[in-house]
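Structure first, then comments.
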Amino acid sequence: MSRRRASDKAFWAGGIVIVVIYALLPVAWIVSLSLKPTDEITNGKFLPQHPSFDNFSDVWKDPQFPSALRNSLGIALISTLLAVVLATFAAYAIVRLDFPGKTLIMSGALAIAMFPPVAIIGPLFNMWRSLHLFDTWFGLIIPYMTFTLPMAIWTLSAFFREIPWDLDKAARVDGATPFQAFRKVIAPLAAPGMFTSAILVFIFAWNDFLFATALTSTNRARTVPAAITFFTGSSQFDFPTGQIAAASVIVTIPIIVMVLLFQRRIVAGLTSGAVKG
Amino acid sequence: MAQIVLDKVCKRFADGTSAVHDADFTIEDGEFFILVGPSGCGKSTLLNMIVGLEDITEGDLLVDGDRINDLDPKDRNMAMVFQSYAIYPHMTVRENMAFPLKIKKVPKDEIESRVATAAKTLELEELLDRKPANLSGGQRQRVAMGRAIVREPAAFLMDEPLSNLDAKLRVQTRTAIAKLQQRLGTTTVYVTHDQTEALTLGDRVAVMRRGEVQQVGTPKELYNEPANLFVAGFIGSPAMNLLPAHMEGDQLHLPMASFAVPGDVQKRLRGRTSDRLVAGIRPEHFEDTAFVSDEEREHMATFTAEVDVIEWMGSELYAYFTVQTEETREELREMAEDLGTVDFGSAGPQVVARLDAGSDASEGQEIELCLDIDRIHLFDAETGENIQNPTGDTGEVRQVEGVSPS
């Protein structure tokens, strides 16, 4: 019995180590690249011989990077906020109210989530130009919201379904208006779900490259993933690998911070939403 | 404090099913009123209509004379205790109890003092800063009660508040609720499927079946003068024995015995077209012949029965036996389905008799029993109406056309 347990432990420990290495190796590689001076980039060694922060300071000196960072933060945060707020209302209505077309909305949302975004890039580009949304924050916020809403609605409706309906009723009888009942009783209970969807939406918007390259043209709205591709080396034959690596490290930091901050809530959220207790 | 009047209240759902039909009664100010019936009888729907969580399709709901059909639940000033308790999991006990007052924007110090008073009443003082997850079932139930009483509402509505407690706690809490209601004197409407709770708690009880109110009355009235077969079968534990019966001349034929019935009963029965009767006999109206004096025996019919099962309770004894009969009453089977009482594996109707604890009845043995003729209820099998009520006033029995009462 105990031998079996020991071998079980070894199996899982080994598995975890493999997964962690698999996941973190590229990150470590990027960090290492970002610390290498230009002449060391292609030396094939894992650790930089003379680590320096030149790449980072170069990135900050590049005029487009700070504005790209600002765009990224703004666009991702606004998309997250809008998507979560809209999805919360939508999911609550879908779970609590009985209206025709309920299942149609849910399956429609799923269909949108499965739709290949690249297929709408062309039409969107033309539409956005005539609507003057091209190269604006909202030009990106709208598609981000659209593509993340389905996932947010599905996640949140799973959460709302877990919240006993009696709680709404109790709040109503206790003197709350429908909105008060939602805000003071239901929303706090669905908070893990809202955090989970918020993180997922934020990551989607933050990491997106497709819409960001196609729908922007200047520093007005270009986000970091797109801006990185516009980095130029010191000469025309010099590819700015180090700077790209440094920029990648910088943009990863907000995500790591956010995930660490909300980690416990996300874990609680993901499991409690998925498994009916 | 409130008087609640239901004036022909109906509820039909969007799909056409009728959940409550013509509920028509008055709940007096300060009364402990019970809605009782088997599951799916519409009692909870009726309660939800009173509190405003369900719309009223037809009819009027009046509180102290004002029609409140369209009043939002938040403006009805009624407090509800849910079967699931529905206490807010993210708030402490204190916050839970203060919630309705906070919504009403009651001053802070008043909230504090009212919560403290309620907590004292319900012995929740030491739990005030705990979250519901760390409370036992009984404690949660008390928090739900506390949230209701801090509001000093016009009425308490309780939807099976005891059904999630274990048996012992249920009995204790039942007594506590009765005491609390007496002390507060607040009109209370209480929903339950348990007839024991209904009889022990209620000032008056409304028995419901399939969305219709069968009878409204005090527990005593319901027990002694059931208006129809359903109430007779539902109220009382063990339940009233219901057996097929018919009249022949002046003789009433039961499966186990036949005997002459008094003249006025005969007169009443003769007007019926149907010969199909159901006799209702409470278990306590049987007795072991050995314990009956000769004088008493004059009002009794004697018969022998083979006992199937004995339940000895210390102070009394229940003997179960099966009677043989050719007659069947489809209505009884239908009712048993409603009540969820399935009688399996017996050849005929099963009868339970409550005997003196000293009776030497034993399983598998024949025993001589007698039953009190004067205490038999007779029901019309088709309408279910009680046409011979031994202790109370049967009222005018509807005569059927074409048959002259002689």
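Quick note on naming: the chains in the structure tokens go A, B, ... in the order shown, residues restart at 1 in each chain, and ligands are numbered from 1 in order of appearance.
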- Message: Within 10 Å of chain B, which residues belong to chain A? Use only C-alpha atoms and report them as a PyMOL selection string.
- Response: chain A and resi 164-178+180-181+184-186+188-189
Write a file of the selected residues as a compact mmCIF listing (two decimals), in the first residue's frame, keeping N, CA and C atoms.
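Resulting contents of out05.txt:
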```
# COMPACT_ATOMS: atom_id res chain seq x y z
N PRO A 164 -28.64 29.42 -5.68
CA PRO A 164 -30.05 29.06 -5.51
C PRO A 164 -30.98 30.24 -5.77
N TRP A 165 -32.05 29.96 -6.46
CA TRP A 165 -33.00 31.00 -6.81
C TRP A 165 -33.67 31.58 -5.57
N ASP A 166 -33.74 30.74 -4.54
CA ASP A 166 -34.34 31.20 -3.29
C ASP A 166 -33.66 32.46 -2.76
N LEU A 167 -32.36 32.62 -3.06
CA LEU A 167 -31.65 33.80 -2.56
C LEU A 167 -32.20 35.07 -3.21
N ASP A 168 -32.49 35.02 -4.51
CA ASP A 168 -33.11 36.17 -5.16
C ASP A 168 -34.44 36.49 -4.50
N LYS A 169 -35.21 35.40 -4.31
CA LYS A 169 -36.55 35.58 -3.76
C LYS A 169 -36.47 36.15 -2.36
N ALA A 170 -35.54 35.59 -1.55
CA ALA A 170 -35.40 36.06 -0.17
C ALA A 170 -35.07 37.55 -0.17
N ALA A 171 -34.17 37.96 -1.05
CA ALA A 171 -33.78 39.36 -1.10
C ALA A 171 -34.97 40.23 -1.51
N ARG A 172 -35.76 39.73 -2.45
CA ARG A 172 -36.93 40.49 -2.90
C ARG A 172 -37.92 40.65 -1.75
N VAL A 173 -38.15 39.56 -1.02
CA VAL A 173 -39.09 39.63 0.10
C VAL A 173 -38.51 40.52 1.20
N ASP A 174 -37.18 40.51 1.34
CA ASP A 174 -36.54 41.34 2.37
C ASP A 174 -36.58 42.82 2.01
N GLY A 175 -37.18 43.16 0.90
CA GLY A 175 -37.37 44.57 0.58
C GLY A 175 -36.47 45.11 -0.51
N ALA A 176 -35.71 44.25 -1.17
CA ALA A 176 -34.80 44.74 -2.20
C ALA A 176 -35.52 44.83 -3.54
N THR A 177 -35.14 45.83 -4.34
CA THR A 177 -35.63 45.89 -5.72
C THR A 177 -34.90 44.79 -6.49
N PRO A 178 -35.39 44.44 -7.69
CA PRO A 178 -34.68 43.39 -8.44
C PRO A 178 -33.20 43.74 -8.63
N GLN A 180 -31.31 45.72 -6.71
CA GLN A 180 -30.62 45.61 -5.42
C GLN A 180 -30.34 44.15 -5.09
N ALA A 181 -31.33 43.30 -5.35
CA ALA A 181 -31.15 41.87 -5.08
C ALA A 181 -29.97 41.35 -5.87
N LYS A 184 -26.55 43.22 -4.45
CA LYS A 184 -26.11 42.94 -3.10
C LYS A 184 -26.03 41.46 -2.76
N VAL A 185 -26.78 40.66 -3.47
CA VAL A 185 -26.78 39.23 -3.12
C VAL A 185 -26.18 38.37 -4.22
N ILE A 186 -26.67 38.54 -5.43
CA ILE A 186 -26.27 37.62 -6.49
C ILE A 186 -24.86 37.93 -7.01
N PRO A 188 -22.22 39.45 -5.66
CA PRO A 188 -21.10 39.04 -4.80
C PRO A 188 -20.86 37.53 -4.83
N LEU A 189 -21.94 36.77 -4.97
CA LEU A 189 -21.78 35.32 -4.98
C LEU A 189 -21.20 34.85 -6.31
```
- Task: Write out as number ranges by chain each polymer residue whose atoms come within 7 Å of Glu287 (chain B), counting only C-alpha atoms; drop sequence neighbours fewer than 6 positions from it.
- Result: B: 354-355, 369-371
- Task: Enumerate the residues of region 237-392 of chain B with a DSSP assignment of strand (DSSP E), computed from the backbone, and present them as a ChimeraX atom specification.
- Result: /B:241-248,251-253,258-260,277-281,286-288,300-312,316-322,350-356,366-372,377-380,386-388
- Which distance in Å separates CA of Ala226 (chain A) and CA of Ala111 (chain A), to one decimal? 27.2 Å
Mind checking DSSP for region 34-166 of chain A and telling me the helix (DSSP H, G or I) residues as a compact mmCIF listing (two decimals) with N, CA, C and O atoms, in the first residue's frame?
```
# COMPACT_ATOMS: atom_id res chain seq x y z
N SER A 34 16.51 38.37 -23.77
CA SER A 34 16.34 39.80 -23.54
C SER A 34 17.53 40.38 -22.78
O SER A 34 17.79 41.58 -22.84
N LEU A 35 18.26 39.51 -22.09
CA LEU A 35 19.40 39.99 -21.31
C LEU A 35 20.71 39.91 -22.08
O LEU A 35 21.76 40.36 -21.60
N THR A 38 23.66 42.31 -28.21
CA THR A 38 23.40 41.95 -29.60
C THR A 38 24.38 40.89 -30.12
O THR A 38 23.97 39.96 -30.82
N ASP A 39 25.65 40.97 -29.77
CA ASP A 39 26.61 40.03 -30.34
C ASP A 39 26.51 38.63 -29.74
O ASP A 39 27.10 37.69 -30.22
N GLU A 40 25.76 38.48 -28.68
CA GLU A 40 25.63 37.15 -28.06
C GLU A 40 24.36 36.42 -28.52
O GLU A 40 24.21 35.23 -28.27
N ASP A 54 20.53 46.55 -21.71
CA ASP A 54 20.50 47.46 -22.85
C ASP A 54 19.22 47.31 -23.67
O ASP A 54 18.63 48.29 -24.11
N ASN A 55 18.82 46.05 -23.86
CA ASN A 55 17.62 45.82 -24.68
C ASN A 55 16.40 46.51 -24.08
O ASN A 55 15.59 47.09 -24.79
N PHE A 56 16.29 46.41 -22.75
CA PHE A 56 15.14 47.01 -22.09
C PHE A 56 15.14 48.53 -22.25
O PHE A 56 14.11 49.13 -22.56
N SER A 57 16.35 49.12 -22.06
CA SER A 57 16.37 50.58 -22.19
C SER A 57 16.12 50.98 -23.64
O SER A 57 15.47 51.99 -23.92
N ASP A 58 16.60 50.14 -24.60
CA ASP A 58 16.32 50.43 -26.01
C ASP A 58 14.82 50.43 -26.28
O ASP A 58 14.29 51.29 -26.98
N VAL A 59 14.15 49.43 -25.68
CA VAL A 59 12.70 49.31 -25.90
C VAL A 59 12.00 50.57 -25.39
O VAL A 59 11.14 51.14 -26.06
N TRP A 60 12.38 51.00 -24.21
CA TRP A 60 11.72 52.18 -23.66
C TRP A 60 12.04 53.43 -24.46
O TRP A 60 11.24 54.36 -24.51
N LYS A 61 13.24 53.43 -25.10
CA LYS A 61 13.60 54.61 -25.89
C LYS A 61 12.82 54.66 -27.20
O LYS A 61 12.60 55.72 -27.75
N GLN A 64 7.51 54.31 -30.04
CA GLN A 64 6.18 53.69 -30.15
C GLN A 64 5.85 52.78 -28.97
O GLN A 64 4.69 52.48 -28.73
N PHE A 65 6.86 52.33 -28.22
CA PHE A 65 6.54 51.33 -27.18
C PHE A 65 5.70 51.87 -26.03
O PHE A 65 4.69 51.24 -25.68
N PRO A 66 6.06 53.00 -25.42
CA PRO A 66 5.21 53.49 -24.32
C PRO A 66 3.77 53.72 -24.75
O PRO A 66 2.82 53.36 -24.03
N SER A 67 3.57 54.28 -25.93
CA SER A 67 2.18 54.51 -26.35
C SER A 67 1.48 53.19 -26.63
O SER A 67 0.28 53.04 -26.35
N ALA A 68 2.24 52.21 -27.15
CA ALA A 68 1.63 50.90 -27.39
C ALA A 68 1.21 50.26 -26.08
O ALA A 68 0.13 49.66 -25.97
N LEU A 69 2.04 50.42 -25.07
CA LEU A 69 1.71 49.86 -23.77
C LEU A 69 0.44 50.50 -23.21
O LEU A 69 -0.44 49.84 -22.67
N ARG A 70 0.37 51.84 -23.40
CA ARG A 70 -0.81 52.56 -22.93
C ARG A 70 -2.05 52.06 -23.66
O ARG A 70 -3.08 51.76 -23.05
N ASN A 71 -1.92 51.93 -25.01
CA ASN A 71 -3.05 51.43 -25.80
C ASN A 71 -3.48 50.05 -25.32
O ASN A 71 -4.66 49.77 -25.14
N SER A 72 -2.48 49.18 -25.16
CA SER A 72 -2.78 47.81 -24.75
C SER A 72 -3.55 47.78 -23.44
O SER A 72 -4.58 47.12 -23.33
N LEU A 73 -3.03 48.51 -22.46
CA LEU A 73 -3.67 48.52 -21.15
C LEU A 73 -5.10 49.05 -21.24
O LEU A 73 -6.04 48.43 -20.75
N GLY A 74 -5.23 50.20 -21.90
CA GLY A 74 -6.54 50.83 -22.00
C GLY A 74 -7.53 49.94 -22.71
O GLY A 74 -8.64 49.67 -22.21
N ILE A 75 -7.12 49.45 -23.87
CA ILE A 75 -8.05 48.65 -24.68
C ILE A 75 -8.42 47.36 -23.96
O ILE A 75 -9.60 46.99 -23.87
N ALA A 76 -7.41 46.71 -23.37
CA ALA A 76 -7.70 45.43 -22.70
C ALA A 76 -8.60 45.65 -21.50
O ALA A 76 -9.56 44.89 -21.28
N LEU A 77 -8.33 46.71 -20.73
CA LEU A 77 -9.15 46.93 -19.53
C LEU A 77 -10.59 47.30 -19.89
O LEU A 77 -11.54 46.78 -19.29
N ILE A 78 -10.74 48.19 -20.88
CA ILE A 78 -12.11 48.58 -21.26
C ILE A 78 -12.86 47.38 -21.82
O ILE A 78 -14.03 47.15 -21.48
N SER A 79 -12.19 46.59 -22.68
CA SER A 79 -12.85 45.40 -23.24
C SER A 79 -13.29 44.46 -22.12
O SER A 79 -14.40 43.93 -22.12
N THR A 80 -12.39 44.27 -21.15
CA THR A 80 -12.69 43.36 -20.05
C THR A 80 -13.91 43.84 -19.28
O THR A 80 -14.85 43.09 -19.03
N LEU A 81 -13.87 45.12 -18.94
CA LEU A 81 -14.97 45.68 -18.16
C LEU A 81 -16.29 45.52 -18.89
O LEU A 81 -17.28 45.00 -18.35
N LEU A 82 -16.29 45.95 -20.18
CA LEU A 82 -17.54 45.88 -20.94
C LEU A 82 -18.02 44.44 -21.09
O LEU A 82 -19.19 44.13 -20.87
N ALA A 83 -17.08 43.56 -21.45
CA ALA A 83 -17.48 42.17 -21.69
C ALA A 83 -18.04 41.54 -20.42
O ALA A 83 -19.07 40.87 -20.45
N VAL A 84 -17.38 41.79 -19.29
CA VAL A 84 -17.83 41.15 -18.06
C VAL A 84 -19.18 41.71 -17.62
O VAL A 84 -20.09 40.96 -17.24
N VAL A 85 -19.32 43.03 -17.72
CA VAL A 85 -20.60 43.63 -17.31
C VAL A 85 -21.74 43.12 -18.20
O VAL A 85 -22.77 42.64 -17.71
N LEU A 86 -21.52 43.17 -19.51
CA LEU A 86 -22.57 42.71 -20.43
C LEU A 86 -22.86 41.23 -20.22
O LEU A 86 -24.01 40.80 -20.17
N ALA A 87 -21.79 40.45 -20.11
CA ALA A 87 -21.98 39.00 -19.96
C ALA A 87 -22.70 38.67 -18.66
O ALA A 87 -23.51 37.76 -18.61
N THR A 88 -22.42 39.44 -17.61
CA THR A 88 -23.07 39.19 -16.33
C THR A 88 -24.58 39.39 -16.47
O THR A 88 -25.38 38.53 -16.08
N PHE A 89 -24.94 40.51 -17.07
CA PHE A 89 -26.38 40.76 -17.25
C PHE A 89 -27.01 39.70 -18.13
O PHE A 89 -28.07 39.16 -17.84
N ALA A 90 -26.32 39.39 -19.24
CA ALA A 90 -26.88 38.43 -20.19
C ALA A 90 -27.03 37.06 -19.52
O ALA A 90 -28.09 36.43 -19.61
N ALA A 91 -25.98 36.63 -18.83
CA ALA A 91 -26.02 35.29 -18.22
C ALA A 91 -27.10 35.22 -17.15
O ALA A 91 -27.84 34.24 -17.05
N TYR A 92 -27.22 36.29 -16.37
CA TYR A 92 -28.23 36.31 -15.31
C TYR A 92 -29.63 36.19 -15.91
O TYR A 92 -30.46 35.42 -15.45
N ALA A 93 -29.84 36.96 -16.97
CA ALA A 93 -31.15 36.91 -17.63
C ALA A 93 -31.41 35.53 -18.20
O ALA A 93 -32.50 34.98 -18.07
N ILE A 94 -30.38 34.96 -18.82
CA ILE A 94 -30.57 33.64 -19.45
C ILE A 94 -30.90 32.59 -18.40
O ILE A 94 -31.75 31.73 -18.60
N VAL A 95 -30.23 32.66 -17.27
CA VAL A 95 -30.45 31.65 -16.24
C VAL A 95 -31.77 31.87 -15.51
O VAL A 95 -32.51 30.93 -15.23
N ARG A 96 -32.11 33.12 -15.22
CA ARG A 96 -33.25 33.37 -14.35
C ARG A 96 -34.57 33.57 -15.08
O ARG A 96 -35.62 33.30 -14.52
N LYS A 102 -34.05 31.51 -25.83
CA LYS A 102 -32.99 31.41 -24.84
C LYS A 102 -31.87 30.48 -25.33
O LYS A 102 -30.70 30.83 -25.30
N THR A 103 -32.29 29.31 -25.79
CA THR A 103 -31.27 28.34 -26.24
C THR A 103 -30.61 28.84 -27.51
O THR A 103 -29.43 28.58 -27.75
N LEU A 104 -31.38 29.59 -28.31
CA LEU A 104 -30.81 30.14 -29.54
C LEU A 104 -29.67 31.10 -29.21
O LEU A 104 -28.61 31.08 -29.86
N ILE A 105 -29.86 31.90 -28.17
CA ILE A 105 -28.82 32.84 -27.78
C ILE A 105 -27.57 32.09 -27.32
O ILE A 105 -26.45 32.40 -27.73
N MET A 106 -27.80 31.05 -26.52
CA MET A 106 -26.66 30.30 -26.00
C MET A 106 -25.92 29.59 -27.14
O MET A 106 -24.68 29.62 -27.20
N SER A 107 -26.65 28.97 -28.06
CA SER A 107 -25.94 28.27 -29.13
C SER A 107 -25.36 29.27 -30.12
O SER A 107 -24.29 29.04 -30.68
N GLY A 108 -26.03 30.40 -30.30
CA GLY A 108 -25.49 31.45 -31.16
C GLY A 108 -24.17 31.97 -30.61
O GLY A 108 -23.20 32.17 -31.34
N ALA A 109 -24.14 32.14 -29.29
CA ALA A 109 -22.92 32.62 -28.65
C ALA A 109 -21.79 31.62 -28.86
O ALA A 109 -20.65 31.99 -29.17
N LEU A 110 -22.15 30.34 -28.77
CA LEU A 110 -21.13 29.30 -28.97
C LEU A 110 -20.61 29.33 -30.40
O LEU A 110 -19.41 29.19 -30.65
N ALA A 111 -21.54 29.55 -31.34
CA ALA A 111 -21.16 29.59 -32.74
C ALA A 111 -20.18 30.73 -32.99
O ALA A 111 -19.19 30.57 -33.72
N ILE A 112 -20.43 31.88 -32.37
CA ILE A 112 -19.53 33.02 -32.54
C ILE A 112 -18.15 32.69 -32.00
O ILE A 112 -17.13 33.00 -32.60
N ALA A 113 -18.14 31.98 -30.85
CA ALA A 113 -16.86 31.63 -30.25
C ALA A 113 -16.06 30.72 -31.17
O ALA A 113 -14.83 30.72 -31.16
N MET A 114 -16.77 29.91 -31.97
CA MET A 114 -16.07 28.98 -32.85
C MET A 114 -15.71 29.60 -34.20
O MET A 114 -14.99 29.02 -34.99
N PRO A 117 -11.78 34.12 -36.44
CA PRO A 117 -11.71 35.58 -36.52
C PRO A 117 -11.07 36.06 -37.81
O PRO A 117 -11.46 37.10 -38.34
N VAL A 118 -10.14 35.27 -38.33
CA VAL A 118 -9.41 35.74 -39.50
C VAL A 118 -10.36 35.95 -40.69
O VAL A 118 -10.11 36.76 -41.57
N ALA A 119 -11.48 35.24 -40.66
CA ALA A 119 -12.42 35.32 -41.79
C ALA A 119 -13.11 36.68 -41.85
O ALA A 119 -13.61 37.07 -42.91
N ILE A 120 -13.16 37.39 -40.74
CA ILE A 120 -13.88 38.66 -40.80
C ILE A 120 -12.93 39.85 -40.86
O ILE A 120 -13.38 41.00 -40.91
N ILE A 121 -11.63 39.57 -40.87
CA ILE A 121 -10.67 40.68 -40.86
C ILE A 121 -10.86 41.61 -42.06
O ILE A 121 -10.94 42.83 -41.91
N GLY A 122 -11.01 41.02 -43.25
CA GLY A 122 -11.15 41.83 -44.48
C GLY A 122 -12.34 42.75 -44.42
O GLY A 122 -12.21 43.99 -44.47
N PRO A 123 -13.55 42.17 -44.25
CA PRO A 123 -14.74 43.01 -44.17
C PRO A 123 -14.66 44.05 -43.05
O PRO A 123 -15.05 45.21 -43.23
N LEU A 124 -14.13 43.61 -41.92
CA LEU A 124 -14.04 44.51 -40.77
C LEU A 124 -13.16 45.71 -41.12
O LEU A 124 -13.47 46.85 -40.78
N PHE A 125 -12.06 45.41 -41.82
CA PHE A 125 -11.12 46.47 -42.20
C PHE A 125 -11.84 47.55 -43.02
O PHE A 125 -11.76 48.74 -42.74
N ASN A 126 -12.63 47.09 -44.01
CA ASN A 126 -13.37 48.03 -44.85
C ASN A 126 -14.44 48.78 -44.07
O ASN A 126 -14.60 49.99 -44.19
N MET A 127 -15.18 48.02 -43.27
CA MET A 127 -16.25 48.64 -42.48
C MET A 127 -15.68 49.69 -41.54
O MET A 127 -16.19 50.80 -41.44
N TRP A 128 -14.64 49.31 -40.85
CA TRP A 128 -14.07 50.21 -39.85
C TRP A 128 -13.55 51.50 -40.49
O TRP A 128 -13.64 52.56 -39.91
N ARG A 129 -13.03 51.36 -41.74
CA ARG A 129 -12.53 52.57 -42.40
C ARG A 129 -13.66 53.52 -42.74
O ARG A 129 -13.57 54.73 -42.53
N SER A 130 -14.79 52.95 -43.22
CA SER A 130 -15.89 53.86 -43.56
C SER A 130 -16.61 54.36 -42.32
O SER A 130 -17.24 55.41 -42.33
N TRP A 137 -9.30 53.14 -30.48
CA TRP A 137 -9.44 52.15 -29.39
C TRP A 137 -10.71 51.33 -29.57
O TRP A 137 -10.68 50.12 -29.45
N PHE A 138 -11.81 52.03 -29.90
CA PHE A 138 -13.06 51.29 -29.99
C PHE A 138 -13.09 50.33 -31.16
O PHE A 138 -13.79 49.31 -31.12
N GLY A 139 -12.30 50.63 -32.18
CA GLY A 139 -12.19 49.72 -33.31
C GLY A 139 -11.65 48.36 -32.87
O GLY A 139 -11.94 47.34 -33.49
N LEU A 140 -10.87 48.34 -31.81
CA LEU A 140 -10.35 47.07 -31.29
C LEU A 140 -11.23 46.52 -30.16
O LEU A 140 -11.43 45.31 -30.04
N ILE A 141 -11.76 47.46 -29.36
CA ILE A 141 -12.57 47.01 -28.22
C ILE A 141 -13.78 46.21 -28.70
O ILE A 141 -14.12 45.17 -28.13
N ILE A 142 -14.41 46.68 -29.79
CA ILE A 142 -15.62 46.00 -30.26
C ILE A 142 -15.35 44.54 -30.65
O ILE A 142 -16.02 43.64 -30.14
N PRO A 143 -14.38 44.26 -31.51
CA PRO A 143 -14.15 42.84 -31.81
C PRO A 143 -13.68 42.02 -30.60
O PRO A 143 -14.08 40.87 -30.44
N TYR A 144 -12.87 42.61 -29.72
CA TYR A 144 -12.43 41.86 -28.54
C TYR A 144 -13.63 41.46 -27.69
O TYR A 144 -13.74 40.33 -27.22
N MET A 145 -14.54 42.44 -27.51
CA MET A 145 -15.71 42.19 -26.70
C MET A 145 -16.56 41.08 -27.34
O MET A 145 -17.01 40.15 -26.68
N THR A 146 -16.74 41.22 -28.67
CA THR A 146 -17.59 40.27 -29.37
C THR A 146 -17.05 38.85 -29.24
O THR A 146 -17.80 37.91 -29.01
N PHE A 147 -15.73 38.72 -29.40
CA PHE A 147 -15.19 37.36 -29.39
C PHE A 147 -15.02 36.79 -27.99
O PHE A 147 -14.88 35.58 -27.84
N THR A 148 -15.05 37.65 -26.98
CA THR A 148 -14.91 37.09 -25.63
C THR A 148 -16.25 36.97 -24.91
O THR A 148 -16.37 36.23 -23.96
N LEU A 149 -17.26 37.69 -25.38
CA LEU A 149 -18.57 37.62 -24.72
C LEU A 149 -19.12 36.20 -24.61
O LEU A 149 -19.59 35.80 -23.54
N PRO A 150 -19.06 35.39 -25.70
CA PRO A 150 -19.63 34.05 -25.59
C PRO A 150 -19.01 33.26 -24.44
O PRO A 150 -19.73 32.69 -23.61
N MET A 151 -17.68 33.29 -24.38
CA MET A 151 -17.01 32.54 -23.32
C MET A 151 -17.42 33.08 -21.95
O MET A 151 -17.70 32.31 -21.03
N ALA A 152 -17.49 34.40 -21.85
CA ALA A 152 -17.86 35.00 -20.57
C ALA A 152 -19.30 34.63 -20.20
O ALA A 152 -19.60 34.31 -19.05
N ILE A 153 -20.19 34.66 -21.19
CA ILE A 153 -21.59 34.32 -20.90
C ILE A 153 -21.70 32.87 -20.44
O ILE A 153 -22.39 32.56 -19.47
N TRP A 154 -20.99 31.99 -21.13
CA TRP A 154 -21.07 30.57 -20.75
C TRP A 154 -20.50 30.34 -19.36
O TRP A 154 -21.08 29.63 -18.54
N THR A 155 -19.36 30.96 -19.09
CA THR A 155 -18.76 30.78 -17.76
C THR A 155 -19.70 31.31 -16.69
O THR A 155 -20.00 30.64 -15.70
N LEU A 156 -20.19 32.53 -16.91
CA LEU A 156 -21.00 33.16 -15.87
C LEU A 156 -22.35 32.47 -15.69
O LEU A 156 -22.84 32.37 -14.57
N SER A 157 -22.92 31.97 -16.78
CA SER A 157 -24.23 31.33 -16.59
C SER A 157 -24.06 30.05 -15.80
O SER A 157 -24.94 29.68 -15.03
N ALA A 158 -22.89 29.40 -15.95
CA ALA A 158 -22.63 28.22 -15.10
C ALA A 158 -22.62 28.64 -13.64
O ALA A 158 -23.14 27.93 -12.78
N PHE A 159 -22.06 29.80 -13.36
CA PHE A 159 -22.02 30.28 -11.98
C PHE A 159 -23.39 30.64 -11.46
O PHE A 159 -23.76 30.28 -10.35
N PHE A 160 -24.13 31.37 -12.27
CA PHE A 160 -25.46 31.79 -11.81
C PHE A 160 -26.35 30.60 -11.56
O PHE A 160 -27.19 30.61 -10.68
N ARG A 161 -26.15 29.55 -12.39
CA ARG A 161 -26.99 28.38 -12.23
C ARG A 161 -26.77 27.74 -10.85
O ARG A 161 -27.64 27.09 -10.31
N GLU A 162 -25.58 27.92 -10.32
CA GLU A 162 -25.25 27.33 -9.02
C GLU A 162 -25.87 28.11 -7.86
O GLU A 162 -25.94 27.62 -6.75
N TRP A 165 -32.05 29.96 -6.46
CA TRP A 165 -33.00 31.00 -6.81
C TRP A 165 -33.67 31.58 -5.57
O TRP A 165 -34.09 32.73 -5.52
N ASP A 166 -33.74 30.74 -4.54
CA ASP A 166 -34.34 31.20 -3.29
C ASP A 166 -33.66 32.46 -2.76
O ASP A 166 -34.29 33.27 -2.09
```
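Those residues that approach region 159-167 of chain B to within 7 Å, counting only C-alpha atoms, are Ser44, Val81, Phe82, Gln83, Gly137, Gly138, Arg170, Val171, Tyr190, Val191 and Thr192 of chain B; same-chain residues fewer than 3 positions away are not listed.
In terms of minimum interatomic distance to Gln266 (chain B), B:Gln388 ranks closest within B:Gln324, B:Gln388, B:Asn134, B:Gln214, counting only C-alpha atoms.
Ranking A:Arg4, A:Arg222, A:Lys9, A:Lys36 by their shortest atom-to-atom distance to Phe134 (chain A), with only C-alpha atoms included, puts A:Arg222 first.
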